[in-house]
$ cat upload-v7.cif   # mmCIF, C-alpha atoms and all ligand atoms
data_data
#
loop_
_atom_site.label_atom_id
_atom_site.label_comp_id
_atom_site.auth_asym_id
_atom_site.auth_seq_id
_atom_site.Cartn_x
_atom_site.Cartn_y
_atom_site.Cartn_z
CA MET A 119 26.21 -8.00 0.65
CA THR A 120 22.85 -8.01 2.39
CA LYS A 121 20.68 -11.05 2.63
CA PRO A 122 17.44 -10.72 0.66
CA PRO A 123 14.38 -10.98 2.89
CA SER A 124 11.61 -13.46 2.36
CA ALA A 125 8.35 -11.97 1.19
CA PRO A 126 5.86 -11.30 3.99
CA THR A 127 3.06 -13.87 4.29
CA ARG A 128 4.27 -15.78 1.24
CA GLY A 129 6.91 -17.90 2.87
CA GLN A 130 10.24 -18.29 1.20
CA LEU A 131 10.25 -16.91 -2.30
CA GLU A 132 12.85 -15.82 -4.80
CA LEU A 133 12.80 -12.04 -4.89
CA ARG A 134 13.59 -10.28 -8.15
CA GLY A 135 15.57 -7.33 -6.90
CA THR A 136 19.34 -7.16 -6.65
CA TYR A 137 20.41 -7.06 -3.01
CA GLU A 138 24.19 -7.00 -3.48
CA HIS A 139 24.72 -3.25 -3.18
CA THR A 140 22.34 -2.30 -0.42
CA ALA A 141 23.25 -0.07 2.51
CA PRO A 142 22.59 -1.42 6.04
CA ASP A 143 19.12 0.18 5.91
CA TYR A 144 18.46 -1.66 2.63
CA THR A 145 18.52 1.47 0.49
CA VAL A 146 20.21 1.62 -2.90
CA GLU A 147 20.81 4.33 -5.48
CA GLN A 148 18.01 4.81 -7.97
CA ARG A 149 20.42 5.11 -10.95
CA TRP A 150 17.76 6.80 -13.08
CA ASP A 151 20.07 6.98 -16.10
CA HIS A 152 20.10 3.19 -16.26
CA TYR A 153 16.39 2.83 -17.07
CA SER A 154 15.90 1.77 -20.68
CA GLU A 155 13.51 3.39 -23.14
CA GLY A 156 11.41 0.22 -22.84
CA GLU A 157 11.15 0.65 -19.06
CA HIS A 158 10.04 4.27 -19.43
CA ALA A 159 7.48 3.05 -21.95
CA ILE A 160 6.05 0.57 -19.41
CA TRP A 161 5.71 3.41 -16.91
CA ARG A 162 3.98 5.53 -19.56
CA THR A 163 1.51 2.75 -20.41
CA LEU A 164 0.66 2.01 -16.79
CA TYR A 165 0.52 5.65 -15.73
CA THR A 166 -1.74 6.67 -18.61
CA ARG A 167 -4.08 3.75 -18.06
CA GLN A 168 -4.44 4.30 -14.31
CA ARG A 169 -4.52 8.09 -14.44
CA ALA A 170 -7.59 7.90 -16.67
CA LEU A 171 -9.44 5.99 -13.91
CA LEU A 172 -8.55 8.20 -10.95
CA ASP A 173 -11.11 10.97 -11.35
CA ARG A 174 -13.95 8.48 -11.26
CA TYR A 175 -12.58 5.86 -8.85
CA ALA A 176 -9.89 7.34 -6.59
CA ALA A 177 -10.09 9.47 -3.48
CA PRO A 178 -9.64 13.16 -4.40
CA GLU A 179 -6.61 13.29 -2.07
CA VAL A 180 -4.87 10.76 -4.34
CA VAL A 181 -5.41 12.91 -7.43
CA ALA A 182 -4.18 15.99 -5.58
CA GLY A 183 -1.13 14.14 -4.24
CA LEU A 184 -0.11 12.75 -7.61
CA GLY A 185 0.00 16.28 -8.99
CA ALA A 186 1.75 17.63 -5.91
CA VAL A 187 4.70 15.22 -6.17
CA GLY A 188 5.17 16.14 -9.82
CA ALA A 189 4.79 12.70 -11.43
CA ASP A 190 3.61 12.47 -15.03
CA GLU A 191 3.36 9.94 -17.83
CA ARG A 192 6.52 10.99 -19.65
CA ALA A 193 9.08 8.97 -17.74
CA ILE A 194 9.82 7.06 -14.55
CA PRO A 195 10.04 9.71 -11.82
CA ARG A 196 13.40 10.83 -10.46
CA PHE A 197 13.18 10.19 -6.73
CA ALA A 198 15.37 13.19 -5.89
CA ALA A 199 13.01 15.54 -7.75
CA VAL A 200 9.98 14.01 -6.02
CA ASN A 201 11.65 14.52 -2.65
CA ASP A 202 12.21 18.21 -3.37
CA ARG A 203 8.43 18.54 -3.60
CA LEU A 204 7.40 16.07 -0.91
CA ARG A 205 9.66 17.21 1.91
CA PRO A 206 8.16 20.72 2.28
CA LEU A 207 4.62 19.29 2.15
CA THR A 208 4.80 16.62 4.88
CA GLY A 209 8.45 16.00 5.80
CA TRP A 210 8.38 12.64 3.98
CA ARG A 211 10.87 11.39 1.43
CA ILE A 212 11.08 8.29 -0.70
CA VAL A 213 14.11 6.01 -0.71
CA ALA A 214 15.12 3.50 -3.34
CA VAL A 215 15.18 -0.18 -2.32
CA PRO A 216 15.79 -3.39 -4.29
CA GLY A 217 12.28 -4.71 -3.52
CA LEU A 218 10.71 -6.16 -0.38
CA ILE A 219 12.87 -5.53 2.65
CA PRO A 220 12.76 -7.14 6.12
CA GLU A 221 9.92 -5.96 8.32
CA GLU A 222 12.10 -4.33 10.95
CA HIS A 223 13.77 -2.13 8.33
CA PHE A 224 10.46 -1.37 6.64
CA PHE A 225 8.94 -0.19 9.93
CA ALA A 226 12.06 1.84 10.81
CA HIS A 227 11.82 3.67 7.49
CA LEU A 228 8.14 4.53 7.97
CA ALA A 229 8.73 5.69 11.54
CA ALA A 230 11.42 8.04 10.15
CA ARG A 231 9.06 9.28 7.39
CA SER A 232 10.87 7.58 4.59
CA PHE A 233 8.94 5.36 2.20
CA PRO A 234 10.80 2.51 0.44
CA VAL A 235 10.13 2.40 -3.31
CA SER A 236 11.38 -0.55 -5.38
CA VAL A 237 13.70 0.54 -8.18
CA TRP A 238 12.74 -2.11 -10.74
CA ILE A 239 9.71 -2.01 -13.00
CA ARG A 240 7.67 -4.95 -14.33
CA LYS A 241 8.07 -6.45 -17.80
CA PRO A 242 5.61 -5.91 -20.67
CA HIS A 243 3.88 -9.26 -20.12
CA GLU A 244 3.18 -8.36 -16.46
CA LEU A 245 1.13 -5.20 -16.89
CA ASP A 246 -1.90 -6.67 -15.10
CA TYR A 247 -0.46 -8.82 -12.35
CA LEU A 248 2.65 -9.15 -10.21
CA SER A 249 3.20 -11.00 -6.94
CA GLU A 250 5.84 -8.57 -5.61
CA PRO A 251 5.71 -4.80 -5.41
CA ASP A 252 7.57 -3.01 -8.23
CA LEU A 253 8.25 0.66 -8.85
CA PHE A 254 4.83 1.27 -10.37
CA HIS A 255 2.94 -0.21 -7.42
CA ASP A 256 5.15 1.46 -4.83
CA PHE A 257 5.18 4.84 -6.52
CA PHE A 258 1.81 5.28 -8.17
CA GLY A 259 -0.01 3.42 -5.40
CA HIS A 260 1.68 4.74 -2.28
CA VAL A 261 3.46 8.03 -2.91
CA PRO A 262 0.54 10.39 -3.75
CA LEU A 263 -0.99 10.12 -0.28
CA LEU A 264 2.36 10.85 1.37
CA ALA A 265 1.66 14.42 0.23
CA ASN A 266 -1.45 14.44 2.44
CA PRO A 267 -0.57 15.63 5.97
CA VAL A 268 -3.10 13.46 7.81
CA PHE A 269 -2.34 10.29 5.87
CA ALA A 270 1.40 10.96 6.15
CA ARG A 271 1.08 11.20 9.91
CA PHE A 272 -0.85 7.92 9.96
CA MET A 273 1.92 6.17 8.01
CA GLN A 274 4.51 7.34 10.50
CA ALA A 275 2.31 6.11 13.37
CA TYR A 276 2.00 2.77 11.55
CA GLY A 277 5.79 2.45 11.41
CA GLU A 278 6.02 3.17 15.13
CA ALA A 279 3.24 0.68 15.85
CA GLY A 280 5.07 -1.87 13.70
CA GLN A 281 8.17 -1.63 15.84
CA LYS A 282 6.07 -2.21 18.98
CA ALA A 283 4.15 -5.06 17.33
CA GLN A 284 7.43 -6.80 16.54
CA ALA A 285 8.42 -6.66 20.18
CA HIS A 286 4.98 -8.11 20.99
CA GLY A 287 5.08 -10.83 18.34
CA ALA A 288 1.94 -9.36 16.79
CA VAL A 289 3.03 -8.13 13.36
CA ALA A 290 0.58 -10.47 11.63
CA LEU A 291 -2.33 -8.72 13.36
CA LEU A 292 -1.06 -5.22 12.60
CA ALA A 293 -0.32 -6.20 9.00
CA ARG A 294 -4.06 -6.77 8.52
CA VAL A 295 -4.58 -3.07 9.28
CA TYR A 296 -2.03 -2.16 6.60
CA TRP A 297 -3.61 -4.56 4.15
CA TYR A 298 -7.17 -3.31 4.62
CA SER A 299 -6.23 0.39 4.65
CA VAL A 300 -2.93 1.33 2.98
CA GLU A 301 -3.23 -1.45 0.38
CA PHE A 302 -6.97 -2.03 -0.13
CA GLY A 303 -8.80 0.79 1.63
CA LEU A 304 -11.92 2.56 0.40
CA LEU A 305 -13.06 6.04 1.44
CA ARG A 306 -16.65 7.23 1.67
CA THR A 307 -17.06 10.61 -0.06
CA PRO A 308 -20.12 12.73 -0.91
CA ALA A 309 -19.72 11.53 -4.50
CA GLY A 310 -19.71 7.85 -3.46
CA LEU A 311 -17.09 5.24 -2.57
CA ARG A 312 -13.54 5.96 -3.74
CA ALA A 313 -10.34 3.90 -3.58
CA TYR A 314 -7.23 5.04 -1.72
CA GLY A 315 -5.36 1.74 -1.24
CA ALA A 316 -2.21 1.19 -3.28
CA GLY A 317 -3.04 -2.41 -4.15
CA ILE A 318 -6.26 -1.17 -5.72
CA LEU A 319 -4.85 1.93 -7.41
CA SER A 320 -2.00 0.03 -9.08
CA SER A 321 -4.46 -2.48 -10.61
CA LYS A 322 -6.72 -1.52 -13.50
CA GLY A 323 -9.15 -4.35 -12.81
CA GLU A 324 -9.42 -3.92 -9.06
CA THR A 325 -9.79 -0.13 -9.31
CA VAL A 326 -13.13 -0.62 -11.06
CA TYR A 327 -14.09 -3.78 -9.14
CA SER A 328 -13.48 -2.34 -5.66
CA VAL A 329 -15.85 0.56 -6.25
CA GLU A 330 -18.50 -0.97 -8.53
CA SER A 331 -18.67 -4.75 -8.26
CA PRO A 332 -21.65 -6.30 -6.42
CA GLU A 333 -19.41 -9.23 -5.36
CA PRO A 334 -17.37 -8.00 -2.36
CA ASN A 335 -18.57 -6.96 1.07
CA ARG A 336 -17.93 -3.35 2.05
CA VAL A 337 -18.01 -2.68 5.78
CA GLY A 338 -17.23 0.33 7.96
CA PHE A 339 -13.63 0.39 9.21
CA ASP A 340 -13.19 -0.68 12.82
CA ILE A 341 -9.65 -1.41 13.89
CA GLU A 342 -10.39 -4.46 16.05
CA ARG A 343 -12.66 -5.95 13.37
CA VAL A 344 -9.91 -5.40 10.79
CA MET A 345 -7.27 -7.01 13.00
CA ARG A 346 -9.45 -10.09 13.27
CA THR A 347 -10.00 -10.50 9.54
CA ASP A 348 -8.06 -12.78 7.18
CA TYR A 349 -7.12 -11.53 3.74
CA ARG A 350 -6.48 -13.01 0.34
CA ILE A 351 -3.34 -12.24 -1.59
CA ASP A 352 -4.19 -14.13 -4.78
CA SER A 353 -7.46 -12.57 -5.98
CA TYR A 354 -9.49 -9.40 -5.81
CA GLN A 355 -10.61 -8.76 -2.23
CA ARG A 356 -13.88 -10.22 -0.94
CA MET A 357 -13.99 -7.60 1.80
CA TYR A 358 -13.18 -3.89 1.77
CA PHE A 359 -13.17 -1.76 4.89
CA VAL A 360 -14.43 1.77 4.35
CA ILE A 361 -13.19 4.85 6.22
CA ASP A 362 -15.12 8.11 6.43
CA SER A 363 -11.98 10.25 6.55
CA PHE A 364 -8.21 9.96 6.88
CA GLU A 365 -8.59 11.52 10.34
CA GLN A 366 -10.53 8.39 11.35
CA LEU A 367 -7.63 6.21 10.24
CA PHE A 368 -5.11 8.35 12.06
CA GLU A 369 -7.12 8.50 15.26
CA ALA A 370 -7.63 4.72 15.27
CA SER A 371 -3.89 4.18 15.31
CA TYR A 372 -2.20 7.10 17.01
CA GLY A 373 -1.43 7.06 20.70
CA THR A 374 -3.28 3.78 21.27
CA ASP A 375 -1.43 0.94 22.94
CA PHE A 376 -2.43 -2.08 20.89
CA GLY A 377 -0.85 -4.44 23.43
CA PRO A 378 -4.14 -5.36 25.19
CA LEU A 379 -5.86 -5.73 21.82
CA TYR A 380 -3.13 -8.07 20.54
CA ASP A 381 -3.46 -10.14 23.71
CA ARG A 382 -7.25 -10.29 23.38
CA ILE A 383 -7.13 -11.39 19.75
CA GLY A 384 -4.10 -13.60 20.29
CA THR A 385 -4.13 -16.59 18.00
CA THR A 386 -7.90 -16.87 17.57
CA PRO A 387 -8.69 -17.97 14.00
CA GLY A 388 -9.15 -15.11 11.57
CA ILE A 389 -12.62 -14.20 10.33
CA PRO A 390 -12.93 -15.16 6.65
CA PRO A 391 -13.23 -12.15 4.35
CA GLU A 392 -16.56 -13.48 3.04
CA THR A 393 -18.14 -13.20 6.48
CA VAL A 394 -20.35 -10.29 7.49
CA LEU A 395 -21.00 -10.05 11.24
CA PRO A 396 -24.19 -8.77 12.91
CA THR A 397 -22.08 -6.04 14.52
CA ASP A 398 -20.68 -4.77 11.19
CA ARG A 399 -21.65 -1.42 9.78
CA VAL A 400 -22.59 -2.83 6.39
CA ILE A 401 -22.22 -0.51 3.41
CA THR A 402 -22.79 -3.15 0.75
CA ARG A 403 -23.35 -6.84 1.41
CA GLY A 404 -21.57 -8.70 -1.34
CA THR A 405 -22.83 -11.59 -3.39
CA VAL A 406 -19.90 -13.56 -1.88
CA ALA A 407 -21.22 -13.06 1.67
CA GLY A 408 -21.26 -16.27 3.67
N1 LIG B 501 9.24 -3.99 2.01
N2 LIG B 501 9.79 -2.71 0.18
C1 LIG B 501 8.87 -3.18 1.03
N3 LIG B 501 7.57 -2.82 0.85
C2 LIG B 501 6.60 -3.29 1.69
O1 LIG B 501 5.42 -2.93 1.53
C3 LIG B 501 6.96 -4.14 2.75
C4 LIG B 501 8.31 -4.47 2.87
N4 LIG B 501 8.70 -5.29 3.88
C5 LIG B 501 7.78 -5.79 4.85
C6 LIG B 501 6.37 -5.41 4.62
N5 LIG B 501 6.03 -4.64 3.63
C7 LIG B 501 5.29 -5.97 5.52
O2 LIG B 501 5.81 -7.10 6.19
C8 LIG B 501 4.73 -5.04 6.60
O3 LIG B 501 3.88 -4.07 6.07
C9 LIG B 501 3.93 -5.80 7.62
FE FE B 502 2.13 -1.79 -1.32
#

$ encode --input "upload-v7.cif" --output "C-alpha cells"
Amino acid sequence: MTKPPSAPTRGQLELRGTYEHTAPDYTVEQRWDHYSEGEHAIWRTLYTRQRALLDRYAAPEVVAGLGAVGADERAIPRFAAVNDRLRPLTGWRIVAVPGLIPEEHFFAHLAARSFPVSVWIRKPHELDYLSEPDLFHDFFGHVPLLANPVFARFMQAYGEAGQKAQAHGAVALLARVYWYSVEFGLLRTPAGLRAYGAGILSSKGETVYSVESPEPNRVGFDIERVMRTDYRIDSYQRMYFVIDSFEQLFEASYGTDFGPLYDRIGTTPGIPPETVLPTDRVITRGTVAG
C-alpha cells in the first residue's frame, strides 16, 4: 500500500485514483480489458472533438506525434502498443499510474524517459473541466510530443532539473517552467501561433482561446521571466509564453545550472500573469494587461 500524494500547488486534496496496488515507483497495470464501453465512449467523444481542432490550433509536431504513436478515436489506447511505436522513435515509454504521484517519483520517471499516464478517465459530466489530470489529459495532451526527438530530450532534461531543484528547495520555481511550456505553451509558426501545451490541447475552450482570444498576454519565452511569473490554476491563462522552436526550449534548460538563478529569484513575490514588463518581447498585449 502506497500513500497517495497530495496534489501539487493545491494543498491537501482527495485524489481519485486507487493507490493500493502501486509498485514502489507508483506504477500500476493498465488493465485495458477493464475499461467499460462507456469509458471508451468518453475517449471517443473527447478525441473526436479535440482532433477536429488540431489542424487549425495545434503545433504541427503535435499532429504528427499523435499519428506516430498510433492513437485513434476508436478506443482508449493500449499503452503497450503505444510503447512499441514510441520506443524506436525517441526511447520514451509511457507507464500507467493511479493519478498524480509525488514529485520525486514524477521527476525520476521523466529523467528515465518514462511518462506517467493516469489510468482512469473522467465521467460524462466532466467533459469540459477536471481539477486533476486523467487519462485523456495525460495521453492526448502529453504523449504526442514525446514522439518528437527535440521535445523528448527537453522532457528528460526537465526531469533531471527537477531532481536538482528538489535538492535546492526550488521546485516551485521550476514548476513554473513546466506550467508555461509543457502545460500551456504556445509556438510561433509561419502560419501563426499554435498550441503545444497539454493543458491547452486537452481543453476544447482553451485550445481556441489560447490562440485567438484578445484577452491574454502573449510574450516571448524567457526562462528567467517564466520562473518569476505566477500562474492561475482555476481559469484560462492570462499569460502565455511563446517559443520560436522546440530547440529554444531545449537549449534554455539543458546543461544550465539553475542554482544561481534559483538563488537570485529566491522568494521574491511572483509577477502576476496580467503584468507585461517593459523588457518583455510582446507578441500580443492582452485586454487583461495591468
Ligand atoms: N504526477 N501523474 C503525475 N502527473 C504530473 O503531471 C505530476 C505528478 N506529480 C507531480 C507533478 N506533476 C508536479 O509537481 C511537477 O511537475 C512539478
Ligand atoms: Fe499535464

$ closest_atom_pairs --input "upload-v7.cif" --of "region 246-331 of chain A" --to "region 131-135 of chain A" --cutoff "12 Å" --atoms "only C-alpha atoms" --output "Markdown table"
| residue | atom | partner | partner_atom | distance |
| --- | --- | --- | --- | --- |
| A:Leu248 | CA | A:Arg134 | CA | 11.2 |
| A:Ser249 | CA | A:Leu133 | CA | 9.9 |
| A:Glu250 | CA | A:Leu133 | CA | 7.8 |
| A:Pro251 | CA | A:Arg134 | CA | 10.0 |
| A:Asp252 | CA | A:Gly135 | CA | 9.2 |
| A:Leu253 | CA | A:Gly135 | CA | 11.0 |

$ residues_around --input "upload-v7.cif" --residues "Pro378 (chain A)" --least-positions-apart "3" --cutoff "12 Å" --atoms "all atoms listed in the file" --output "PyMOL selection string"
chain A and resi 283+286+288+342+374-375+381-384

$ closest_atom_pairs --input "upload-v7.cif" --of "chain A" --to "ligand FE 502 (chain B)" --cutoff "6 Å" --atoms "all atoms listed in the file" --output "JSON lines"
{"residue": "A:Asp256", "atom": "CA", "partner": "B:FE502", "partner_atom": "FE", "distance": 5.7}
{"residue": "A:Glu301", "atom": "CA", "partner": "B:FE502", "partner_atom": "FE", "distance": 5.6}
{"residue": "A:Ala316", "atom": "CA", "partner": "B:FE502", "partner_atom": "FE", "distance": 5.6}
{"residue": "A:Gly317", "atom": "CA", "partner": "B:FE502", "partner_atom": "FE", "distance": 5.9}

$ atom_distance --input "upload-v7.cif" --atom1 "CA of Tyr380 (chain A)" --atom2 "CA of Gln281 (chain A)"
13.8 Å

$ residues_near_ligand --input "upload-v7.cif" --ligand "ligand LIG 501 (chain B)" --cutoff "6 Å" --atoms "all atoms listed in the file" --output "JSON, numbers by chain"
{"A": [126, 217, 218, 219, 220, 221, 224, 234, 293]}

$ atom_distance --input "upload-v7.cif" --atom1 "CA of Val235 (chain A)" --atom2 "CA of Val215 (chain A)"
5.8 Å

$ build_atoms --input "upload-v7.cif" --residues "region 202-213 of chain A" --atoms "all heavy atoms" --output "short mmCIF file (atom, residue, chain, number, x, y, z; two decimals), in the frame of the given file"
data_model
loop_
_atom_site.label_atom_id
_atom_site.label_comp_id
_atom_site.auth_asym_id
_atom_site.auth_seq_id
_atom_site.Cartn_x
_atom_site.Cartn_y
_atom_site.Cartn_z
N ASP A 202 12.18 16.74 -3.47
CA ASP A 202 12.21 18.21 -3.37
C ASP A 202 10.80 18.78 -3.18
O ASP A 202 10.63 19.83 -2.57
CB ASP A 202 12.85 18.81 -4.62
CG ASP A 202 14.36 18.58 -4.66
OD1 ASP A 202 14.95 18.27 -3.61
OD2 ASP A 202 14.95 18.69 -5.77
N ARG A 203 9.81 18.08 -3.74
CA ARG A 203 8.43 18.54 -3.60
C ARG A 203 7.76 18.00 -2.35
O ARG A 203 6.94 18.67 -1.71
CB ARG A 203 7.61 18.11 -4.82
CG ARG A 203 7.96 18.90 -6.08
CD ARG A 203 7.34 18.19 -7.25
NE ARG A 203 7.35 18.99 -8.46
CZ ARG A 203 6.28 19.64 -8.91
NH1 ARG A 203 5.13 19.61 -8.25
NH2 ARG A 203 6.36 20.34 -10.02
N LEU A 204 8.07 16.75 -2.02
CA LEU A 204 7.40 16.07 -0.91
C LEU A 204 7.83 16.62 0.45
O LEU A 204 7.01 16.82 1.34
CB LEU A 204 7.72 14.57 -1.01
CG LEU A 204 6.85 13.56 -0.26
CD1 LEU A 204 5.36 13.79 -0.50
CD2 LEU A 204 7.28 12.15 -0.67
N ARG A 205 9.13 16.84 0.60
CA ARG A 205 9.66 17.21 1.91
C ARG A 205 8.97 18.45 2.49
O ARG A 205 8.52 18.42 3.64
CB ARG A 205 11.18 17.38 1.86
CG ARG A 205 11.83 17.23 3.22
CD ARG A 205 13.36 17.31 3.20
NE ARG A 205 14.02 16.15 2.66
CZ ARG A 205 14.68 16.11 1.50
NH1 ARG A 205 14.74 17.19 0.73
NH2 ARG A 205 15.26 15.02 1.10
N PRO A 206 8.84 19.54 1.71
CA PRO A 206 8.16 20.72 2.28
C PRO A 206 6.68 20.48 2.59
O PRO A 206 6.09 21.17 3.43
CB PRO A 206 8.32 21.81 1.21
CG PRO A 206 8.92 21.17 0.02
CD PRO A 206 9.41 19.81 0.38
N LEU A 207 6.05 19.52 1.93
CA LEU A 207 4.62 19.29 2.15
C LEU A 207 4.36 18.54 3.46
O LEU A 207 3.48 18.92 4.24
CB LEU A 207 4.02 18.49 0.99
CG LEU A 207 3.98 19.22 -0.37
CD1 LEU A 207 3.53 18.26 -1.47
CD2 LEU A 207 3.05 20.43 -0.30
N THR A 208 5.09 17.46 3.71
CA THR A 208 4.80 16.62 4.88
C THR A 208 6.04 16.14 5.62
O THR A 208 5.92 15.42 6.61
CB THR A 208 4.01 15.35 4.46
OG1 THR A 208 4.79 14.62 3.51
CG2 THR A 208 2.66 15.71 3.87
N GLY A 209 7.23 16.49 5.15
CA GLY A 209 8.45 16.00 5.80
C GLY A 209 8.82 14.59 5.38
O GLY A 209 9.80 14.03 5.88
N TRP A 210 8.04 13.98 4.47
CA TRP A 210 8.38 12.64 3.98
C TRP A 210 9.36 12.71 2.83
O TRP A 210 9.50 13.73 2.16
CB TRP A 210 7.11 11.88 3.54
CG TRP A 210 6.44 11.22 4.69
CD1 TRP A 210 5.72 11.84 5.68
CD2 TRP A 210 6.43 9.83 5.00
NE1 TRP A 210 5.27 10.90 6.59
CE2 TRP A 210 5.68 9.66 6.19
CE3 TRP A 210 6.97 8.69 4.39
CZ2 TRP A 210 5.48 8.42 6.79
CZ3 TRP A 210 6.76 7.46 4.98
CH2 TRP A 210 6.02 7.33 6.17
N ARG A 211 10.06 11.58 2.61
CA ARG A 211 10.87 11.39 1.43
C ARG A 211 10.71 9.95 0.99
O ARG A 211 10.25 9.11 1.77
CB ARG A 211 12.34 11.72 1.71
CG ARG A 211 12.90 10.78 2.74
CD ARG A 211 14.39 11.01 3.01
NE ARG A 211 14.80 9.99 3.97
CZ ARG A 211 15.94 9.32 3.91
NH1 ARG A 211 16.83 9.58 2.96
NH2 ARG A 211 16.23 8.41 4.81
N ILE A 212 11.05 9.67 -0.26
CA ILE A 212 11.08 8.29 -0.70
C ILE A 212 12.53 7.86 -0.81
O ILE A 212 13.42 8.68 -1.07
CB ILE A 212 10.31 8.07 -2.02
CG1 ILE A 212 10.86 8.92 -3.16
CG2 ILE A 212 8.83 8.36 -1.81
CD1 ILE A 212 10.18 8.66 -4.51
N VAL A 213 12.76 6.57 -0.56
CA VAL A 213 14.11 6.01 -0.71
C VAL A 213 14.02 4.82 -1.64
O VAL A 213 13.01 4.11 -1.67
CB VAL A 213 14.71 5.59 0.65
CG1 VAL A 213 15.01 6.81 1.52
CG2 VAL A 213 13.82 4.61 1.41
#
